[in-house]
Each structure stands twice: as C-alpha cells, then as structure tokens.
file run06.txt (compact mmCIF, C-alpha atoms)
# COMPACT_ATOMS: atom_id res chain seq x y z
CA LYS A 1 -30.83 7.67 -2.20
CA GLN A 2 -27.52 9.27 -1.22
CA ALA A 3 -25.61 6.11 -2.17
CA GLU A 4 -27.22 6.19 -5.62
CA ILE A 5 -26.12 9.81 -6.09
CA VAL A 6 -22.58 9.02 -4.95
CA GLY A 7 -22.51 5.98 -7.26
CA LYS A 8 -23.42 8.17 -10.23
CA ILE A 9 -20.72 10.67 -9.32
CA LEU A 10 -18.15 7.87 -9.11
CA GLU A 11 -19.05 6.78 -12.65
CA ASN A 12 -17.85 10.16 -13.93
CA ILE A 13 -14.60 10.71 -12.09
CA ASP A 14 -11.15 9.27 -12.51
CA ALA A 15 -9.83 9.17 -8.96
CA ALA A 16 -9.12 6.63 -6.27
CA VAL A 17 -12.17 5.80 -4.14
CA ILE A 18 -11.50 5.38 -0.43
CA LEU A 19 -14.71 4.27 1.30
CA ASP A 20 -15.20 4.35 5.07
CA PRO A 21 -18.65 2.76 5.60
CA VAL A 22 -19.60 4.44 8.86
CA MET A 23 -22.35 2.25 10.35
CA GLY A 24 -21.45 1.33 13.92
CA ASP A 25 -18.83 0.28 16.42
CA HIS A 26 -18.20 -2.11 19.29
CA GLY A 27 -20.54 -4.75 17.85
CA ARG A 28 -23.54 -2.45 17.46
CA LEU A 29 -24.88 -0.63 14.43
CA TYR A 30 -25.90 2.98 14.90
CA ARG A 31 -29.59 3.29 15.58
CA ARG A 32 -30.61 4.65 12.16
CA ILE A 33 -28.71 2.04 10.13
CA THR A 34 -31.07 -0.32 8.29
CA GLU A 35 -30.63 -3.26 5.93
CA ALA A 36 -31.18 -0.75 3.10
CA HIS A 37 -28.15 1.25 4.30
CA ILE A 38 -26.05 -1.89 4.43
CA GLY A 39 -27.14 -2.88 0.92
CA ALA A 40 -26.35 0.58 -0.42
CA LEU A 41 -22.87 0.49 1.13
CA LYS A 42 -22.27 -2.97 -0.35
CA ALA A 43 -23.06 -1.51 -3.77
CA LEU A 44 -20.62 1.36 -3.20
CA ALA A 45 -17.99 -1.09 -1.90
CA ALA A 46 -17.89 -2.62 -5.37
CA ARG A 47 -16.43 0.69 -6.63
CA ALA A 48 -13.92 1.14 -3.80
CA ASP A 49 -10.20 1.08 -4.36
CA VAL A 50 -9.84 0.80 -0.57
CA LEU A 51 -12.63 -0.13 1.84
CA LEU A 52 -11.99 0.94 5.48
CA PRO A 53 -14.55 -0.66 7.82
CA ASN A 54 -14.02 -1.23 11.50
CA LEU A 55 -14.70 -4.71 12.85
CA THR A 56 -18.43 -4.06 13.39
CA GLU A 57 -18.89 -2.66 9.89
CA ALA A 58 -16.90 -5.50 8.30
CA ALA A 59 -19.17 -8.05 9.99
CA ALA A 60 -22.30 -6.18 8.84
CA LEU A 61 -21.08 -5.91 5.24
CA THR A 62 -20.05 -9.57 4.99
CA GLY A 63 -22.90 -11.07 7.00
CA LEU A 64 -20.44 -12.84 9.28
CA PRO A 65 -21.15 -12.72 13.01
CA TYR A 66 -19.39 -9.96 14.95
CA ARG A 67 -16.69 -11.23 17.30
CA GLU A 68 -14.92 -9.04 19.83
CA GLU A 69 -12.27 -11.73 20.24
CA THR A 70 -10.57 -12.15 16.88
CA ASP A 71 -7.86 -14.29 15.38
CA GLU A 72 -6.21 -14.19 11.97
CA ALA A 73 -8.49 -16.90 10.55
CA TYR A 74 -11.62 -14.87 11.40
CA LEU A 75 -10.07 -11.66 10.05
CA ALA A 76 -9.05 -13.45 6.84
CA ARG A 77 -12.67 -14.56 6.33
CA LEU A 78 -13.88 -11.00 6.94
CA VAL A 79 -11.40 -9.39 4.54
CA GLU A 80 -12.07 -12.00 1.84
CA GLY A 81 -15.79 -11.28 2.24
CA LEU A 82 -15.11 -7.58 1.78
CA LEU A 83 -13.02 -8.20 -1.33
CA ALA A 84 -15.81 -10.43 -2.67
CA LEU A 85 -18.03 -7.32 -2.64
CA GLY A 86 -15.75 -5.93 -5.36
CA ALA A 87 -13.41 -3.67 -3.41
CA LYS A 88 -9.85 -3.71 -4.72
CA ALA A 89 -8.48 -3.67 -1.16
CA ALA A 90 -9.82 -3.64 2.39
CA VAL A 91 -8.31 -2.62 5.72
CA ILE A 92 -10.27 -3.54 8.85
CA THR A 93 -9.57 -1.18 11.75
CA GLY A 94 -9.99 -1.57 15.50
CA VAL A 95 -8.58 -5.11 15.48
CA HIS A 96 -7.29 -6.70 18.71
CA LEU A 97 -5.08 -9.71 17.90
CA ARG A 98 -3.39 -9.84 21.28
CA ASP A 99 -4.08 -8.50 24.75
CA GLY A 100 -3.08 -4.88 25.18
CA ALA A 101 -2.86 -4.18 21.45
CA ILE A 102 -4.98 -2.65 18.70
CA GLY A 103 -4.42 -2.23 15.00
CA PHE A 104 -5.59 -3.25 11.56
CA TYR A 105 -5.79 -6.22 9.21
CA GLY A 106 -5.82 -5.71 5.46
CA LYS A 107 -5.45 -7.22 2.05
CA ALA A 108 -5.48 -6.13 -1.58
CA GLN A 109 -6.87 -8.33 -4.37
CA GLY A 110 -4.18 -10.80 -5.43
CA SER A 111 -1.82 -9.96 -2.56
CA ASP A 112 -0.96 -11.37 0.82
CA ALA A 113 -2.73 -10.13 3.94
CA PHE A 114 -0.95 -7.73 6.28
CA CYS A 115 -1.58 -6.55 9.82
CA TRP A 116 -0.18 -4.20 12.43
CA GLN A 117 -0.67 -4.08 16.19
CA GLY A 118 0.39 -1.27 18.52
CA ASP A 119 -0.01 -0.81 22.24
CA TYR A 120 -3.64 -0.14 23.16
CA ILE A 121 -4.29 3.08 25.07
CA PRO A 122 -7.50 2.53 27.06
CA ARG A 123 -9.32 5.71 26.03
CA GLN A 124 -12.05 6.18 23.44
CA PHE A 125 -12.21 9.24 21.19
CA HIS A 126 -14.68 10.20 18.49
CA GLY A 127 -13.23 10.60 15.02
CA THR A 128 -10.19 8.33 15.19
CA GLY A 129 -11.51 6.29 12.24
CA ASP A 130 -11.92 9.50 10.24
CA LEU A 131 -8.37 10.52 11.12
CA PHE A 132 -7.08 7.08 10.10
CA ALA A 133 -8.89 7.38 6.75
CA ALA A 134 -7.54 10.89 6.14
CA VAL A 135 -3.92 9.98 6.86
CA LEU A 136 -4.15 6.75 4.85
CA THR A 137 -5.62 8.65 1.89
CA GLY A 138 -2.89 11.29 2.04
CA ALA A 139 -0.18 8.64 2.24
CA LEU A 140 -1.65 6.77 -0.75
CA ALA A 141 -1.85 10.04 -2.71
CA SER A 142 1.84 10.59 -1.89
CA GLY A 143 2.71 7.21 -3.39
CA ASP A 144 2.92 4.96 -0.34
CA ARG A 145 1.98 1.30 -0.70
CA LEU A 146 -1.29 0.39 1.03
CA GLU A 147 0.36 -1.48 3.90
CA ASP A 148 2.76 1.41 4.56
CA ALA A 149 -0.05 3.97 4.34
CA ALA A 150 -2.15 1.99 6.82
CA ARG A 151 0.75 1.69 9.23
CA LYS A 152 1.51 5.42 8.97
CA ALA A 153 -2.17 6.17 9.68
CA ALA A 154 -2.35 3.78 12.63
CA GLU A 155 0.84 5.09 14.19
CA PHE A 156 -0.33 8.67 13.76
CA VAL A 157 -3.72 7.99 15.36
CA ARG A 158 -2.03 6.16 18.23
CA CYS A 159 0.35 9.10 18.76
CA CYS A 160 -2.59 11.52 18.79
CA VAL A 161 -4.48 9.42 21.35
CA GLU A 162 -1.37 9.15 23.49
CA ASN A 163 -0.82 12.91 23.40
CA THR A 164 -4.41 14.00 24.06
CA PRO A 165 -4.59 14.48 27.83
CA GLU A 166 -8.28 13.72 28.35
CA VAL A 167 -11.28 12.40 26.49
CA THR A 168 -13.36 15.22 25.00
CA PRO A 169 -16.31 15.31 22.62
CA ASN A 170 -13.99 17.02 20.13
CA GLY A 171 -11.82 13.94 19.51
CA VAL A 172 -8.05 13.75 19.61
CA GLU A 173 -5.81 16.80 19.45
CA PHE A 174 -4.18 15.93 16.13
CA GLU A 175 -3.11 19.45 15.20
CA ARG A 176 -0.04 19.39 17.47
CA GLN A 177 1.08 16.11 15.88
CA LEU A 178 0.77 17.09 12.20
CA HIS A 179 4.49 17.79 11.97
CA ARG A 180 5.05 14.03 12.38
CA LEU A 181 3.40 13.43 9.01
CA TRP A 182 5.81 15.78 7.26
CA ASN A 183 8.76 14.16 8.98
CA ALA A 184 7.59 10.57 8.39
CA ASP A 185 9.53 8.30 6.07
call {"tool": "encode", "arguments": {"input": "run06.txt", "output": "structure tokens"}}
result
Amino acid sequence: KQAEIVGKILENIDAAVILDPVMGDHGRLYRRITEAHIGALKALAARADVLLPNLTEAAALTGLPYREETDEAYLARLVEGLLALGAKAAVITGVHLRDGAIGFYGKAQGSDAFCWQGDYIPRQFHGTGDLFAAVLTGALASGDRLEDAARKAAEFVRCCVENTPEVTPNGVEFERQLHRLWNAD
C-alpha cells in the first residue's frame, strides 16, 4: 500500500528519485519482507533515477542467487538486472571484489560500469547505507557525476567508520566528519 502511495506522489513531482530498497543484508531478507514487498519495490525501481541496493537487495530484486563471493561478471549481471527493472542507474553497495576491501559497483543506462574498492574496516554499524545514500544524493544535487558522487559517499562512510571508536546502536559518528564534505573536490 505504501509503495502505491509513493508511486502516485512520484507521478506528480519533477525531481530526481533516489531509491534505497531497504530489505535485508548479509544474504538474508529482514523478517517482515515478503514477495509482495519485493514486487512493490520492483515497481518503484522503474521510476528511480538511481537505485541503491546492497548485494542482498540486488539479488532479491533481480531474482539472481545471492553470492557473498563476487566477481565483476556476477555484479554486471546484477546491475543489468536492476537496470532492466527500469531504473536509469544502479549502484550496488557492500561489494567485496578483493580480500580486505569493500565498495560499490554501478552503471547508468547506456554507460560503462564503474566500481570502487577501499580498505575494509572489520566493524559493522547500523545506518551506513543510509549515510551513503544521503551523501550520494547531496553530491548529485551539487552537480557531481554519478560515479564521482558514489565515490565521495563511499569515502565519507569509510572515514566515518574509521573514526568511530566503537560499535554502538547509534551508528557511525558522522557529525565530526561533515567538514570533509564541504572541503571535498
């Protein structure tokens, strides 16, 4: 029902649509996510300028099997499946293409794929996907190209994780790092 309401709202606005289909992580969907939820998010994905699933969500939306171990061929199939839903661009987050690294893999319709990998910091925080989406959206609104916006977002999230001393239920301490966004190229 909520997806229908959001879909109707999107019909009446002239703004970029950045969709983060929050459904699960680490190969598991959240307990209340049903096939109806997945179908509703697929319908909304068709209206997205940028779709921002993590690896678990990308697999659920495309129907491809989830794989913890990824390679560029698998990620290319996932991102093409996401674009086939109608999204203009997709960036898959939480991607490990090499040991000790994490990053993203993305593509816009009619463009080449792009990816970024940074050093993995072995700590898990709630809300890092939300922070990635917020920074990416701000960078796009400021005129950055999608690949540059995604890299800025990933580097900012990584910096926040690195500078948060311990895992808390409140997520990363991003407030002390906000100055980096103003000073970014």
call {"tool": "residues_around", "arguments": {"input": "run06.txt", "residues": "Leu75 in chain A", "least_positions_apart": "4", "cutoff": "10 Å", "atoms": "all atoms listed in the file", "output": "list in words"}}
result
Leu55, Ala58, Ala59, Arg67, Thr70, Asp71, Val79, Glu80, Gly81, Ile92, Val95, Leu97, Phe104, Tyr105, Gly106, Ala113 and Cys115 of chain A
call {"tool": "residues_near_point", "arguments": {"input": "run06.txt", "point": "(-26.2, -2.2, 4.2)", "cutoff": "12 Å", "atoms": "all atoms listed in the file", "output": "PyMOL selection string"}}
result
chain A and resi 3+21-24+29-30+32-45+57-63+85
call {"tool": "atom_distance", "arguments": {"input": "run06.txt", "atom1": "CA of Leu140 in chain A", "atom2": "CA of Gly27 in chain A"}}
result
28.9 Å
call {"tool": "atom_distance", "arguments": {"input": "run06.txt", "atom1": "CA of Gly127 in chain A", "atom2": "CA of Gly171 in chain A"}}
result
5.8 Å
call {"tool": "closest_residue", "arguments": {"input": "run06.txt", "among": "A:Trp116, A:Ala153, A:His26, A:Cys160", "to": "Glu72 in chain A", "atoms": "all atoms listed in the file"}}
result
A:Trp116
call {"tool": "atom_distance", "arguments": {"input": "run06.txt", "atom1": "CA of Ala108 in chain A", "atom2": "CA of Leu51 in chain A"}}
result
9.9 Å
call {"tool": "closest_residue", "arguments": {"input": "run06.txt", "among": "A:Asp14, A:Ala139, A:His126, A:His179", "to": "Arg151 in chain A", "atoms": "all atoms listed in the file"}}
result
A:Ala139
call {"tool": "residues_near_point", "arguments": {"input": "run06.txt", "point": "(2.2, 1.0, 3.2)", "cutoff": "12 Å", "atoms": "only C-alpha atoms", "output": "list of chain:residue names"}}
result
A:Val91, A:Gly106, A:Lys107, A:Ala108, A:Phe114, A:Cys115, A:Trp116, A:Val135, A:Leu136, A:Thr137, A:Gly138, A:Ala139, A:Leu140, A:Ala141, A:Ser142, A:Gly143, A:Asp144, A:Arg145, A:Leu146, A:Glu147, A:Asp148, A:Ala149, A:Ala150, A:Arg151, A:Lys152, A:Ala153, A:Ala154, A:Glu155, A:Asp185
call {"tool": "axis_aligned_box", "arguments": {"input": "run06.txt", "around": "range 5-19 of chain A", "padding_each_side": "6 Å", "output": "AutoDock Vina command-line options"}}
result
--center_x -17.6 --center_y 7.5 --center_z -6.3 --size_x 29.0 --size_y 18.4 --size_z 27.2
call {"tool": "residues_around", "arguments": {"input": "run06.txt", "residues": "Val167 in chain A", "least_positions_apart": "6", "cutoff": "12 Å", "atoms": "only C-alpha atoms", "output": "list in words"}}
result
Ile121, Pro122, Arg123, Gln124, Phe125, His126, Gly127, Cys160, Val161 and Glu173 of chain A
call {"tool": "closest_residue", "arguments": {"input": "run06.txt", "among": "A:Ala73, A:Leu83, A:Ala133, A:Pro65", "to": "Ile18 in chain A", "atoms": "all atoms listed in the file"}}
result
A:Ala133
call {"tool": "build_atoms", "arguments": {"input": "run06.txt", "residues": "range 21-32 of chain A", "atoms": "all heavy atoms", "output": "CSV table (one decimal), keeping the file's coordinate frame"}}
result
chain,number,residue,atom,x,y,z
A,21,PRO,N,-17.2,3.0,5.5
A,21,PRO,CA,-18.6,2.8,5.6
A,21,PRO,C,-19.1,2.9,7.0
A,21,PRO,O,-19.4,2.0,7.8
A,21,PRO,CB,-18.8,1.3,5.1
A,21,PRO,CG,-17.5,0.7,5.6
A,21,PRO,CD,-16.5,1.7,5.4
A,22,VAL,N,-19.3,4.1,7.5
A,22,VAL,CA,-19.6,4.4,8.9
A,22,VAL,C,-21.0,3.9,9.2
A,22,VAL,O,-22.0,4.4,8.7
A,22,VAL,CB,-19.5,6.0,9.1
A,22,VAL,CG1,-19.9,6.3,10.5
A,22,VAL,CG2,-18.1,6.5,8.8
A,23,MET,N,-21.1,2.9,10.0
A,23,MET,CA,-22.4,2.2,10.4
A,23,MET,C,-22.5,1.9,11.8
A,23,MET,O,-23.6,1.6,12.3
A,23,MET,CB,-22.5,1.0,9.5
A,23,MET,CG,-22.7,1.2,8.0
A,23,MET,SD,-23.1,-0.3,7.2
A,23,MET,CE,-21.7,-1.4,7.5
A,24,GLY,N,-21.4,1.8,12.5
A,24,GLY,CA,-21.4,1.3,13.9
A,24,GLY,C,-20.1,1.1,14.5
A,24,GLY,O,-19.1,1.3,13.9
A,25,ASP,N,-20.1,0.6,15.7
A,25,ASP,CA,-18.8,0.3,16.4
A,25,ASP,C,-19.1,-0.6,17.6
A,25,ASP,O,-20.3,-0.6,18.1
A,25,ASP,CB,-18.2,1.6,16.9
A,25,ASP,CG,-16.7,1.5,17.0
A,25,ASP,OD1,-16.1,0.4,16.8
A,25,ASP,OD2,-16.0,2.5,17.3
A,26,HIS,N,-18.1,-1.3,18.1
A,26,HIS,CA,-18.2,-2.1,19.3
A,26,HIS,C,-19.3,-3.1,19.2
A,26,HIS,O,-20.0,-3.4,20.2
A,26,HIS,CB,-18.3,-1.3,20.6
A,26,HIS,CG,-17.2,-0.3,20.7
A,26,HIS,ND1,-15.9,-0.6,21.0
A,26,HIS,CD2,-17.2,1.1,20.6
A,26,HIS,CE1,-15.2,0.4,21.0
A,26,HIS,NE2,-15.9,1.5,20.8
A,27,GLY,N,-19.5,-3.7,18.0
A,27,GLY,CA,-20.5,-4.8,17.8
A,27,GLY,C,-22.0,-4.3,17.7
A,27,GLY,O,-22.9,-5.1,17.6
A,28,ARG,N,-22.2,-3.0,17.6
A,28,ARG,CA,-23.5,-2.4,17.5
A,28,ARG,C,-23.6,-1.5,16.3
A,28,ARG,O,-22.8,-0.6,16.2
A,28,ARG,CB,-24.0,-1.8,18.7
A,28,ARG,CG,-24.0,-2.7,19.9
A,28,ARG,CD,-24.3,-2.0,21.2
A,28,ARG,NE,-25.7,-1.6,21.2
A,28,ARG,CZ,-26.3,-0.9,22.1
A,28,ARG,NH1,-25.6,-0.5,23.1
A,28,ARG,NH2,-27.5,-0.6,22.0
A,29,LEU,N,-24.6,-1.6,15.5
A,29,LEU,CA,-24.9,-0.6,14.4
A,29,LEU,C,-25.5,0.6,15.0
A,29,LEU,O,-26.2,0.5,16.0
A,29,LEU,CB,-25.8,-1.2,13.3
A,29,LEU,CG,-25.2,-2.4,12.6
A,29,LEU,CD1,-26.2,-2.9,11.6
A,29,LEU,CD2,-23.9,-2.0,11.8
A,30,TYR,N,-25.2,1.8,14.4
A,30,TYR,CA,-25.9,3.0,14.9
A,30,TYR,C,-27.4,2.9,14.7
A,30,TYR,O,-27.9,2.2,13.8
A,30,TYR,CB,-25.3,4.2,14.2
A,30,TYR,CG,-23.9,4.4,14.4
A,30,TYR,CD1,-23.0,4.7,13.3
A,30,TYR,CD2,-23.3,4.3,15.7
A,30,TYR,CE1,-21.6,4.8,13.5
A,30,TYR,CE2,-21.9,4.5,15.9
A,30,TYR,CZ,-21.1,4.7,14.8
A,30,TYR,OH,-19.8,4.9,15.0
A,31,ARG,N,-28.1,3.5,15.5
A,31,ARG,CA,-29.6,3.3,15.6
A,31,ARG,C,-30.3,3.5,14.3
A,31,ARG,O,-31.3,2.9,14.0
A,31,ARG,CB,-30.1,4.1,16.8
A,31,ARG,CG,-31.2,5.0,16.6
A,31,ARG,CD,-31.6,5.7,17.9
A,31,ARG,NE,-31.4,7.1,17.6
A,31,ARG,CZ,-30.9,8.0,18.4
A,31,ARG,NH1,-30.5,7.6,19.6
A,31,ARG,NH2,-30.8,9.2,18.0
A,32,ARG,N,-29.9,4.4,13.4
A,32,ARG,CA,-30.6,4.6,12.2
A,32,ARG,C,-30.2,3.8,11.0
A,32,ARG,O,-30.7,3.9,9.9
A,32,ARG,CB,-30.5,6.1,11.8
A,32,ARG,CG,-31.2,7.0,12.8
A,32,ARG,CD,-31.4,8.4,12.2
A,32,ARG,NE,-32.2,9.2,13.1
A,32,ARG,CZ,-31.9,10.1,13.9
A,32,ARG,NH1,-30.6,10.5,13.9
A,32,ARG,NH2,-32.7,10.8,14.6
